[in-house]
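A.B. asks: Input structure: coords.txt, which contains compact mmCIF, C-alpha atoms.
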```txt
# COMPACT_ATOMS: atom_id res chain seq x y z
CA MET A 23 -11.70 14.38 6.88
CA ARG A 24 -14.77 12.42 7.98
CA SER A 25 -16.67 13.10 4.78
CA PRO A 26 -15.88 11.30 1.51
CA LEU A 27 -14.92 14.60 -0.12
CA GLY A 28 -12.56 15.39 2.75
CA THR A 29 -10.94 11.98 2.38
CA LEU A 30 -10.60 12.38 -1.39
CA THR A 31 -9.10 15.85 -0.95
CA ALA A 32 -6.36 14.60 1.37
CA LEU A 33 -5.56 11.60 -0.82
CA TYR A 34 -5.46 13.56 -4.08
CA VAL A 35 -3.29 16.35 -2.64
CA THR A 36 -0.75 14.00 -1.03
CA GLN A 37 -0.64 11.96 -4.22
CA TYR A 38 0.63 14.98 -6.17
CA LEU A 39 3.15 16.24 -3.58
CA GLY A 40 5.97 14.02 -4.76
CA ILE A 41 4.99 14.43 -8.42
CA GLY A 42 5.29 18.20 -8.05
CA PHE A 43 8.63 17.78 -6.34
CA ILE A 44 10.00 15.47 -9.04
CA THR A 45 8.80 17.43 -12.06
CA VAL A 46 9.44 20.94 -10.72
CA GLY A 47 11.45 21.01 -7.50
CA LEU A 48 13.98 18.24 -8.10
CA THR A 49 14.52 19.45 -11.65
CA ALA A 50 15.49 22.88 -10.34
CA ILE A 51 17.72 21.39 -7.62
CA LEU A 52 19.55 19.17 -10.11
CA ARG A 53 19.98 22.03 -12.57
CA ASP A 54 21.41 24.16 -9.77
CA GLY A 55 23.86 21.33 -9.11
CA GLY A 56 25.10 21.41 -12.70
CA THR A 57 23.01 18.62 -14.27
CA SER A 58 22.72 19.05 -18.04
CA LEU A 59 19.43 19.76 -19.75
CA ASP A 60 19.70 16.51 -21.70
CA THR A 61 19.96 14.56 -18.46
CA LEU A 62 17.06 16.46 -16.95
CA ALA A 63 14.99 15.57 -20.00
CA LEU A 64 15.63 11.88 -19.27
CA LEU A 65 14.31 12.38 -15.74
CA GLN A 66 10.98 13.49 -17.17
CA PHE A 67 10.54 10.07 -18.78
CA VAL A 68 9.56 8.61 -15.40
CA GLY A 69 6.31 10.54 -15.84
CA LEU A 70 5.37 8.24 -18.73
CA ILE A 71 4.42 5.63 -16.13
CA TRP A 72 1.18 7.52 -15.51
CA PRO A 73 -0.38 7.18 -19.01
CA ILE A 74 0.14 3.39 -18.96
CA LYS A 75 -1.40 2.77 -15.53
CA PHE A 76 -4.44 1.25 -17.27
CA LEU A 77 -2.27 -1.86 -17.74
CA TRP A 78 -2.59 -2.79 -14.06
CA ALA A 79 -5.83 -0.96 -13.18
CA PRO A 80 -7.94 -4.15 -13.70
CA LEU A 81 -5.88 -5.90 -11.02
CA LEU A 82 -7.05 -3.35 -8.45
CA ASP A 83 -10.66 -3.93 -9.45
CA ARG A 84 -10.21 -7.72 -9.24
CA PHE A 85 -8.15 -8.16 -6.07
CA GLY A 86 -8.59 -6.54 -2.67
CA SER A 87 -9.09 -7.29 1.00
CA ARG A 88 -12.63 -7.76 2.31
CA ARG A 89 -11.47 -7.15 5.88
CA LEU A 90 -9.60 -3.92 5.22
CA GLY A 91 -11.83 -2.73 2.38
CA HIS A 92 -11.34 -3.61 -1.28
CA TYR A 93 -9.70 -0.36 -2.45
CA ARG A 94 -8.67 0.81 1.02
CA SER A 95 -6.24 -2.11 1.18
CA TRP A 96 -4.57 -0.82 -1.97
CA LEU A 97 -4.55 2.72 -0.60
CA LEU A 98 -2.76 1.63 2.57
CA VAL A 99 -0.06 -0.18 0.60
CA ALA A 100 0.42 2.54 -2.02
CA GLN A 101 0.27 5.49 0.37
CA GLY A 102 2.68 3.81 2.77
CA GLY A 103 4.97 3.08 -0.16
CA LEU A 104 4.92 6.75 -1.16
CA VAL A 105 6.18 7.75 2.28
CA LEU A 106 8.90 5.09 2.25
CA ALA A 107 10.02 6.06 -1.26
CA LEU A 108 10.47 9.67 -0.16
CA LEU A 109 12.36 8.63 2.98
CA ALA A 110 14.63 6.54 0.73
CA LEU A 111 15.84 9.82 -0.80
CA LEU A 112 17.29 11.03 2.52
CA PRO A 113 20.83 9.60 2.07
CA TYR A 114 21.29 11.31 -1.29
CA SER A 115 21.95 14.85 -0.09
CA ARG A 116 23.94 15.62 -3.25
CA PRO A 117 21.44 14.48 -5.88
CA ALA A 118 23.34 15.85 -8.88
CA GLY A 119 26.18 13.42 -8.17
CA GLN A 120 23.95 10.44 -7.35
CA LEU A 121 21.51 10.53 -10.21
CA GLY A 122 21.15 6.77 -10.76
CA PRO A 123 19.57 5.94 -7.37
CA ILE A 124 17.57 9.16 -7.46
CA VAL A 125 15.94 8.27 -10.79
CA ALA A 126 15.22 4.70 -9.63
CA ILE A 127 13.51 5.94 -6.46
CA CYS A 128 11.56 8.53 -8.43
CA ALA A 129 10.36 5.86 -10.86
CA ALA A 130 9.19 3.72 -7.93
CA TYR A 131 7.41 6.73 -6.46
CA VAL A 132 5.59 7.51 -9.72
CA LEU A 133 4.52 3.86 -10.03
CA LEU A 134 3.10 3.92 -6.49
CA SER A 135 1.46 7.29 -7.09
CA ALA A 136 -0.22 6.04 -10.27
CA THR A 137 -1.47 2.96 -8.40
CA GLN A 138 -2.79 5.11 -5.57
CA ASP A 139 -4.57 7.26 -8.13
CA ILE A 140 -6.39 4.24 -9.56
CA ALA A 141 -7.61 3.26 -6.09
CA VAL A 142 -8.70 6.81 -5.17
CA ASP A 143 -10.60 7.18 -8.44
CA ALA A 144 -12.34 3.86 -7.84
CA VAL A 145 -13.36 4.98 -4.35
CA ALA A 146 -14.68 8.25 -5.80
CA VAL A 147 -16.77 6.34 -8.36
CA ARG A 148 -18.34 4.31 -5.55
CA VAL A 149 -19.04 6.95 -2.90
CA LEU A 150 -19.90 10.08 -4.92
CA SER A 151 -23.42 10.61 -6.19
CA GLU A 152 -24.04 12.06 -9.64
CA ARG A 153 -24.53 15.52 -8.15
CA ALA A 154 -21.37 15.33 -6.02
CA ARG A 155 -19.10 14.22 -8.86
CA GLY A 156 -18.54 17.75 -10.08
CA VAL A 157 -17.18 18.81 -6.70
CA GLY A 158 -15.20 15.58 -6.41
CA ASN A 159 -13.48 16.14 -9.72
CA GLY A 160 -12.99 19.81 -8.91
CA VAL A 161 -11.10 18.59 -5.85
CA GLN A 162 -9.05 16.21 -7.99
CA VAL A 163 -8.01 18.84 -10.53
CA ALA A 164 -7.35 21.51 -7.89
CA ALA A 165 -5.32 19.02 -5.85
CA SER A 166 -2.78 18.70 -8.65
CA TYR A 167 -2.05 22.43 -8.42
CA VAL A 168 -1.88 22.36 -4.62
CA GLY A 169 0.53 19.43 -4.82
CA ASN A 170 2.70 21.34 -7.27
CA LEU A 171 2.66 24.41 -5.04
CA LEU A 172 3.74 22.43 -1.98
CA GLY A 173 5.97 19.82 -3.58
CA GLY A 174 7.42 21.98 -6.32
CA GLY A 175 7.42 25.28 -4.42
CA ALA A 176 7.46 25.06 -0.63
CA CYS A 177 9.87 22.12 -0.50
CA VAL A 178 12.31 23.93 -2.79
CA VAL A 179 12.22 26.96 -0.48
CA VAL A 180 12.95 24.69 2.49
CA TYR A 181 15.80 23.08 0.56
CA ASP A 182 17.27 26.46 -0.33
CA ARG A 183 17.22 27.62 3.31
CA TYR A 184 17.76 24.47 5.35
CA GLY A 185 19.05 21.76 3.02
CA TRP A 186 18.09 18.41 1.53
CA VAL A 187 17.13 16.43 4.65
CA PRO A 188 14.60 18.96 6.06
CA ALA A 189 13.03 19.32 2.59
CA ILE A 190 12.59 15.56 2.15
CA LEU A 191 11.31 15.14 5.71
CA LEU A 192 8.72 17.85 5.07
CA LEU A 193 7.64 16.13 1.87
CA ALA A 194 7.40 12.73 3.59
CA GLY A 195 5.53 14.22 6.56
CA LEU A 196 2.93 15.88 4.35
CA THR A 197 2.50 12.65 2.37
CA ALA A 198 2.06 10.70 5.62
CA VAL A 199 -1.10 12.73 6.25
CA GLY A 200 -2.67 10.78 3.40
CA LEU A 201 -1.64 7.51 5.05
CA VAL A 202 -3.40 8.52 8.28
CA VAL A 203 -6.51 9.50 6.31
CA ALA A 204 -6.48 6.17 4.43
CA TRP A 205 -6.12 4.30 7.72
CA ARG A 206 -9.12 6.09 9.26
CA PHE A 207 -11.26 5.79 6.14
CA ARG A 208 -13.99 3.15 6.28
CA GLU A 209 -14.79 2.02 2.76
CA PRO A 210 -18.38 0.94 2.03
CA ALA A 211 -18.62 -2.83 1.81
CA ARG A 212 -18.49 -4.10 -1.74
CA LEU A 213 -21.76 -5.87 -2.44
CA ASP A 214 -20.91 -7.11 -5.93
CA ARG A 215 -18.52 -9.99 -6.39
CA PRO A 216 -15.24 -8.95 -8.05
CA THR A 217 -15.04 -10.17 -11.62
CA GLY A 218 -12.39 -12.58 -12.82
CA ALA A 219 -9.08 -11.18 -14.05
CA GLY A 220 -10.00 -11.82 -17.69
CA GLN A 221 -13.31 -10.04 -17.35
CA ALA A 222 -11.62 -7.20 -15.50
CA TYR A 223 -9.24 -6.70 -18.42
CA ARG A 224 -12.12 -6.88 -20.90
CA ALA A 225 -13.47 -3.80 -19.12
CA LEU A 226 -10.65 -1.89 -20.82
CA TRP A 227 -12.70 -2.14 -24.00
CA SER A 228 -16.25 -2.70 -22.79
CA VAL A 229 -16.34 0.74 -21.17
CA PHE A 230 -16.59 2.21 -24.68
CA GLY A 231 -19.70 0.15 -25.37
CA GLN A 232 -21.84 2.39 -23.17
CA PRO A 233 -24.20 4.78 -25.01
CA GLY A 234 -22.30 7.88 -26.11
CA CYS A 235 -18.96 6.90 -24.54
CA ARG A 236 -17.07 6.67 -27.84
CA TRP A 237 -18.65 9.96 -28.95
CA TRP A 238 -17.39 11.65 -25.77
CA THR A 239 -13.96 10.00 -25.57
CA PHE A 240 -12.93 10.19 -29.21
CA GLY A 241 -14.82 13.34 -30.16
CA VAL A 242 -15.10 15.84 -27.32
CA VAL A 243 -11.96 14.99 -25.35
CA PRO A 244 -9.43 15.22 -28.22
CA LEU A 245 -10.89 18.49 -29.53
CA VAL A 246 -10.83 20.28 -26.17
CA TYR A 247 -7.48 18.91 -25.01
CA THR A 248 -5.76 19.46 -28.35
CA GLY A 249 -7.03 23.02 -28.61
CA ALA A 250 -6.20 24.07 -25.07
CA GLY A 251 -3.00 22.01 -24.87
CA ALA A 252 -1.55 23.39 -28.10
CA ALA A 253 -2.12 26.95 -26.90
CA TYR A 254 -0.49 26.29 -23.54
CA ALA A 255 2.49 24.53 -25.13
CA VAL A 256 3.61 27.73 -26.87
CA VAL A 257 3.35 29.93 -23.76
CA SER A 258 6.81 29.22 -22.32
CA PRO A 259 8.67 29.60 -25.65
CA ALA A 260 6.75 32.81 -26.31
CA LEU A 261 7.73 34.17 -22.90
CA VAL A 262 11.38 33.37 -23.59
CA ASP A 263 11.16 35.04 -26.99
CA ALA A 264 9.59 38.08 -25.32
CA GLY A 265 12.66 38.44 -23.08
CA TRP A 266 11.40 37.03 -19.79
CA SER A 267 13.99 35.43 -17.49
CA LEU A 268 13.68 31.75 -16.60
CA ALA A 269 13.17 32.69 -12.94
CA ARG A 270 10.21 34.91 -13.79
CA ILE A 271 8.73 32.31 -16.13
CA GLY A 272 8.97 29.63 -13.44
CA LEU A 273 7.44 31.85 -10.77
CA VAL A 274 4.53 33.00 -12.94
CA THR A 275 3.67 29.72 -14.69
CA GLY A 276 4.41 27.44 -11.75
CA VAL A 277 3.19 29.43 -8.76
CA VAL A 278 1.23 32.60 -9.54
CA THR A 279 -1.19 31.04 -12.03
CA SER A 280 -1.79 28.01 -9.81
CA ALA A 281 -3.84 29.97 -7.26
CA PRO A 282 -6.65 30.97 -9.66
CA ALA A 283 -6.54 27.45 -11.13
CA VAL A 284 -7.21 25.94 -7.69
CA VAL A 285 -10.13 28.31 -7.14
CA ALA A 286 -11.48 27.64 -10.63
CA GLY A 287 -11.37 23.90 -10.07
CA MET A 288 -13.40 24.11 -6.87
CA VAL A 289 -15.89 26.62 -8.28
CA ALA A 290 -16.36 24.66 -11.51
CA GLY A 291 -16.96 21.49 -9.52
CA ALA A 292 -19.71 23.15 -7.50
CA LEU A 293 -21.28 24.67 -10.63
CA VAL A 294 -21.36 21.30 -12.42
CA GLY A 295 -23.57 19.92 -9.65
CA ARG A 296 -25.84 22.97 -9.77
CA PHE A 297 -26.11 23.78 -13.47
CA GLY A 298 -25.00 20.59 -15.23
CA ARG A 299 -22.05 19.44 -17.32
CA ALA A 300 -23.04 21.17 -20.57
CA ALA A 301 -23.53 24.62 -19.02
CA VAL A 302 -20.14 24.63 -17.31
CA LEU A 303 -18.47 23.27 -20.45
CA VAL A 304 -19.89 26.18 -22.45
CA ALA A 305 -18.75 28.71 -19.83
CA ALA A 306 -15.27 27.19 -19.72
CA GLY A 307 -15.07 27.16 -23.53
CA VAL A 308 -16.02 30.83 -23.78
CA ALA A 309 -13.49 31.70 -21.09
CA LEU A 310 -10.81 29.68 -22.89
CA ALA A 311 -11.47 31.48 -26.16
CA ALA A 312 -11.40 34.91 -24.49
CA SER A 313 -8.24 34.20 -22.48
CA THR A 314 -6.49 32.75 -25.53
CA ALA A 315 -7.32 35.94 -27.42
CA ALA A 316 -5.90 37.89 -24.47
CA LEU A 317 -2.60 36.04 -25.00
CA LEU A 318 -2.19 37.44 -28.53
CA PRO A 319 0.02 40.39 -27.41
CA LEU A 320 2.39 37.87 -25.82
CA LEU A 321 2.28 35.66 -28.91
CA THR A 322 3.24 38.64 -31.08
CA GLY A 323 6.25 39.49 -28.92
CA ARG A 324 4.79 42.02 -26.43
CA ALA A 325 4.58 40.74 -22.85
CA PRO A 326 4.13 43.46 -20.21
CA LEU A 327 4.10 41.83 -16.77
CA GLY A 328 0.63 42.78 -15.48
CA PRO A 329 -1.54 42.04 -18.54
CA THR A 330 0.41 38.88 -19.32
CA VAL A 331 -0.01 37.49 -15.80
CA LEU A 332 -3.73 38.27 -15.91
CA ALA A 333 -4.14 36.59 -19.29
CA LEU A 334 -2.22 33.50 -18.19
CA SER A 335 -4.17 33.29 -14.94
CA ALA A 336 -7.47 33.51 -16.83
CA PHE A 337 -6.31 30.87 -19.31
CA MET A 338 -5.29 28.42 -16.57
CA ALA A 339 -8.54 29.00 -14.68
CA ALA A 340 -10.60 28.32 -17.83
CA TYR A 341 -8.47 25.29 -18.75
CA THR A 342 -8.97 23.90 -15.24
CA ALA A 343 -12.75 24.41 -15.39
CA ALA A 344 -12.92 22.53 -18.69
CA ASN A 345 -10.81 19.75 -17.17
CA VAL A 346 -13.29 19.37 -14.32
CA VAL A 347 -16.16 18.83 -16.77
CA LEU A 348 -14.18 16.28 -18.78
CA TYR A 349 -13.22 14.34 -15.65
CA THR A 350 -16.78 14.45 -14.33
CA VAL A 351 -18.24 12.89 -17.48
CA ASN A 352 -15.44 10.31 -17.41
CA MET A 353 -16.60 9.42 -13.91
CA ASP A 354 -20.20 9.22 -15.17
CA TYR A 355 -19.03 6.49 -17.54
CA SER A 356 -17.14 4.61 -14.81
CA ARG A 357 -19.08 1.57 -13.61
CA PRO A 358 -19.12 0.64 -9.90
CA GLY A 359 -17.65 -2.84 -10.36
CA THR A 360 -14.76 -1.68 -12.58
CA GLY A 361 -14.45 1.95 -11.51
CA GLY A 362 -10.66 1.91 -11.27
CA THR A 363 -10.24 0.48 -14.75
CA ASP A 364 -12.92 2.58 -16.43
CA PHE A 365 -11.85 5.95 -15.06
CA THR A 366 -8.18 5.16 -15.63
CA VAL A 367 -8.71 4.23 -19.28
CA LEU A 368 -10.79 7.31 -20.02
CA SER A 369 -8.49 9.75 -18.22
CA SER A 370 -5.35 8.14 -19.67
CA PHE A 371 -6.64 8.80 -23.17
CA GLY A 372 -7.05 12.46 -22.26
CA LEU A 373 -3.50 12.50 -20.92
CA VAL A 374 -2.19 11.09 -24.18
CA CYS A 375 -4.11 13.78 -26.07
CA SER A 376 -2.40 16.40 -23.88
CA PHE A 377 1.06 15.05 -24.72
CA VAL A 378 0.27 14.92 -28.43
CA SER A 379 -1.28 18.39 -28.45
CA ALA A 380 1.86 19.91 -26.93
CA SER A 381 3.98 18.50 -29.74
CA LEU A 382 1.48 19.55 -32.40
CA GLY A 383 1.33 23.07 -30.99
CA LEU A 384 5.10 23.51 -31.12
CA VAL A 385 5.36 22.07 -34.63
CA ALA A 386 2.56 24.34 -35.85
CA ALA A 387 4.18 27.36 -34.19
CA ALA A 388 7.46 26.66 -35.98
CA ARG A 389 5.70 26.61 -39.35
CA PHE A 390 2.92 29.16 -39.00
CA GLY A 391 3.77 31.26 -35.95
CA TYR A 392 2.34 31.61 -32.45
CA PRO A 393 -0.80 33.62 -33.40
CA ALA A 394 -1.88 30.94 -35.88
CA VAL A 395 -1.69 28.34 -33.11
CA ALA A 396 -3.89 30.54 -30.90
CA VAL A 397 -6.51 30.89 -33.64
CA GLY A 398 -6.47 27.16 -34.35
CA SER A 399 -6.78 26.44 -30.62
CA VAL A 400 -9.89 28.60 -30.32
CA VAL A 401 -11.48 26.81 -33.29
CA LEU A 402 -10.74 23.36 -31.84
CA VAL A 403 -12.03 24.24 -28.37
CA ALA A 404 -15.20 25.75 -29.87
CA ALA A 405 -15.77 22.58 -31.88
CA GLY A 406 -15.18 20.46 -28.78
CA VAL A 407 -17.68 22.48 -26.77
CA ALA A 408 -20.30 22.24 -29.53
CA VAL A 409 -19.85 18.47 -29.79
CA GLY A 410 -19.88 18.19 -26.00
CA VAL A 411 -23.15 20.08 -25.65
CA ALA A 412 -24.75 17.90 -28.33
CA HIS A 413 -23.48 14.82 -26.49
CA GLN A 414 -24.93 15.94 -23.16
CA ARG A 415 -28.31 16.69 -24.70
CA ARG A 416 -28.52 13.18 -26.08
CA HIS A 417 -26.69 11.39 -23.24
CA PRO A 418 -27.15 13.53 -20.10
CA ARG A 419 -25.75 10.70 -18.00
CA PRO A 420 -25.08 6.98 -18.54
CA ALA A 421 -27.71 4.62 -17.20
CA LEU A 422 -25.15 2.83 -15.02
CA ALA A 423 -23.91 5.98 -13.29
CA ALA A 424 -26.75 6.64 -10.85
CA PRO A 425 -26.78 3.33 -8.91
CA ALA A 426 -23.08 3.61 -8.04
CA ALA A 427 -23.48 5.79 -4.98
CA ALA A 428 -26.90 4.49 -4.09
CA ALA A 429 -25.71 0.90 -4.02
CA THR A 430 -23.00 1.65 -1.52
CA ALA A 431 -24.81 4.12 0.73
CA PRO A 432 -26.72 1.62 2.92
CA THR A 433 -23.51 -0.27 3.72
CA ALA A 434 -21.49 2.72 4.85
CA PRO A 435 -22.35 3.48 8.49
CA ALA A 436 -19.13 5.45 8.96
CA VAL A 437 -19.90 7.72 6.00
CA PRO A 438 -22.40 10.57 6.57
CA ALA A 439 -25.60 10.13 4.59
CA ALA A 440 -25.27 13.66 3.22
CA ALA A 441 -22.26 12.49 1.22
CA THR A 442 -24.44 10.54 -1.16
CA THR A 443 -26.60 13.55 -1.92
CA GLY A 444 -23.81 15.88 -2.89
CA ARG A 445 -24.35 18.25 0.08
CA THR A 446 -21.09 17.44 1.85
CA ARG A 447 -18.13 19.70 1.10
CA PRO A 448 -14.41 19.12 1.88
```
Is it possible to give me this structure as structure tokens?

C.D. replies:
Amino acid sequence: MRSPLGTLTALYVTQYLGIGFITVGLTAILRDGGTSLDTLALLQFVGLIWPIKFLWAPLLDRFGSRRLGHYRSWLLVAQGGLVLALLALLPYSRPAGQLGPIVAICAAYVLLSATQDIAVDAVAVRVLSERARGVGNGVQVAASYVGNLLGGGACVVVYDRYGWVPAILLLAGLTAVGLVVAWRFREPARLDRPTGAGQAYRALWSVFGQPGCRWWTFGVVPLVYTGAGAAYAVVSPALVDAGWSLARIGLVTGVVTSAPAVVAGMVAGALVGRFGRAAVLVAAGVALAASTAALLPLLTGRAPLGPTVLALSAFMAAYTAANVVLYTVNMDYSRPGTGGTDFTVLSSFGLVCSFVSASLGLVAAARFGYPAVAVGSVVLVAAGVAVGVAHQRRHPRPALAAPAAAATAPTAPAVPAAATTGRTRP
């Protein structure tokens, strides 16, 4: 974990452990304990904290400790808070009957996780060169799947075999790895003077003033996310309609398809650095179109296990690769002095598009059928790729992106020099 990418990997993975547990594992545990679906739906509302994290992102850019490291000081507080929040769950060994405290602790955890994410993204903006950003964002996207596998999968297995306390202790122990990594991390000294709070909040809007940023954010991002998100939203209902059991659906969509998504995230990240953003976006778009077409038998009511798993795995891999490109360009537009705010604003907009696209996909399916949604998704993704390629030809990278890593490299004796050239791997 001595390299920046190794540090980012550990922090991103441990950040998602509890999120995976809350959204997947805890939901299953509560349902097994007799909690109603309506109540479980309320639990999912704690996830809405993430899209609004831009509200406090400027505070992280403005305030920080010079002695501990500007963003490292936030990481230590947030990562330590994540461990404590998980340990606070230990007394509630019958969560279905103690839902009030459970939800409150989960909300606190999500708040801390969102804050940690802002700080990690800001560190990534500062220490990753332009060439290394593809790999860095591949790590970030892949980490979400690894976190879901461990938090939403492994911890549930431990709970089923050994009970609540061992499962929570495992979750807290894995999360504590991130605290150790944050403690050992030596953040490059911040040479610029933090802006005032007012100026930091003005960065919420000024980020869009960069050449091509509005074109990318309000053109490419909505098209790709709406197309891919609408297609994915109808997968679970289509599987139910095709006669799959809930257990099989959970295993395939939550576990089996995560492995190729992790690999795709890492591979796409490496390819972005080698071949560029536009080339990987085109490849991901073609793969998305082909895998969406491969889902048509499922969407027409025929879902044999083997072909359906292959089609879903291909779809998730392509979706993940596209995500890596979108996140990488978002990082290109994130300025060193306001990296936490910039990246948070840009990625939060994409998250909102994902939520909206899921609703639009289900509404369209109810009116026009699943196949029509698939066709519309392919058209939207193709349009997004075309607009994205045109954007990259005119704005291959923002002028402010390149100095970010270079400005910090001379002040980082504890960080290998190779990290700023993109040669270091996790």

A.B. asks: Write out as an MDAnalysis selection string each polymer residue whose atoms come within 9 Å of Gly158 in chain A, counting all atoms listed in the file; drop sequence neighbours fewer than 2 positions from it.

C.D. replies: chainID A and resid 27 30:31 146 150 154:156 160:163 288 291:292 346 350

A.B. asks: Suppose we keep C-alpha atoms; can you now write the selection as a CSV table (one decimal), in the coordinates of the input?

C.D. replies:
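The file below, selection.csv, is the result:
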```csv
chain,number,residue,atom,x,y,z
A,27,LEU,CA,-14.9,14.6,-0.1
A,30,LEU,CA,-10.6,12.4,-1.4
A,31,THR,CA,-9.1,15.8,-1.0
A,146,ALA,CA,-14.7,8.2,-5.8
A,150,LEU,CA,-19.9,10.1,-4.9
A,154,ALA,CA,-21.4,15.3,-6.0
A,155,ARG,CA,-19.1,14.2,-8.9
A,156,GLY,CA,-18.5,17.8,-10.1
A,160,GLY,CA,-13.0,19.8,-8.9
A,161,VAL,CA,-11.1,18.6,-5.8
A,162,GLN,CA,-9.0,16.2,-8.0
A,163,VAL,CA,-8.0,18.8,-10.5
A,288,MET,CA,-13.4,24.1,-6.9
A,291,GLY,CA,-17.0,21.5,-9.5
A,292,ALA,CA,-19.7,23.2,-7.5
A,346,VAL,CA,-13.3,19.4,-14.3
A,350,THR,CA,-16.8,14.4,-14.3
```

A.B. asks: Rounded to one decimal in Å, what is the spacing between CA of Val403 in chain A and CA of Val246 in chain A?

C.D. replies: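 Between CA of Val403 in chain A and CA of Val246 in chain A the gap is 4.7 Å.
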
A.B. asks: To one decimal place in Å, what is the distance between CA of Pro26 in chain A and CA of Arg208 in chain A?

C.D. replies: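 Interatomic distance here is 9.6 Å.
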
A.B. asks: Give me the residues within 12 Å of Leu303 in chain A as a ChimeraX atom specification, counting all atoms listed in the file and dropping any in the same chain fewer than 5 places off.

C.D. replies: /A:156,242-243,246,290-291,293-294,297-298,308-310,340-351,403-414

A.B. asks: Pick from A:Ala211, A:Ala388, A:Val99, A:Ala255: nearest to Arg148 in chain A, with only C-alpha atoms counted?

C.D. replies: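 The closest residue to Arg148 in chain A is A:Ala211.
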
A.B. asks: Identify which of the residues A:Thr57, A:Ser399, A:Ser313, A:Gln101 lies closest to Val199 in chain A, counting only C-alpha atoms when measuring atom-to-atom distances.

C.D. replies: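 Result for the nearest residue to Val199 in chain A: A:Gln101.
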
A.B. asks: Could you pull the residues within 10 Å of Val229 in chain A, counting only C-alpha atoms, minus those fewer than 6 positions along the same chain, as a list in words?

C.D. replies: Cys235, Arg236, Tyr355, Ser356, Arg357, Thr360, Gly361, Thr363, Asp364, Phe365, Val367 and Leu368 of chain A
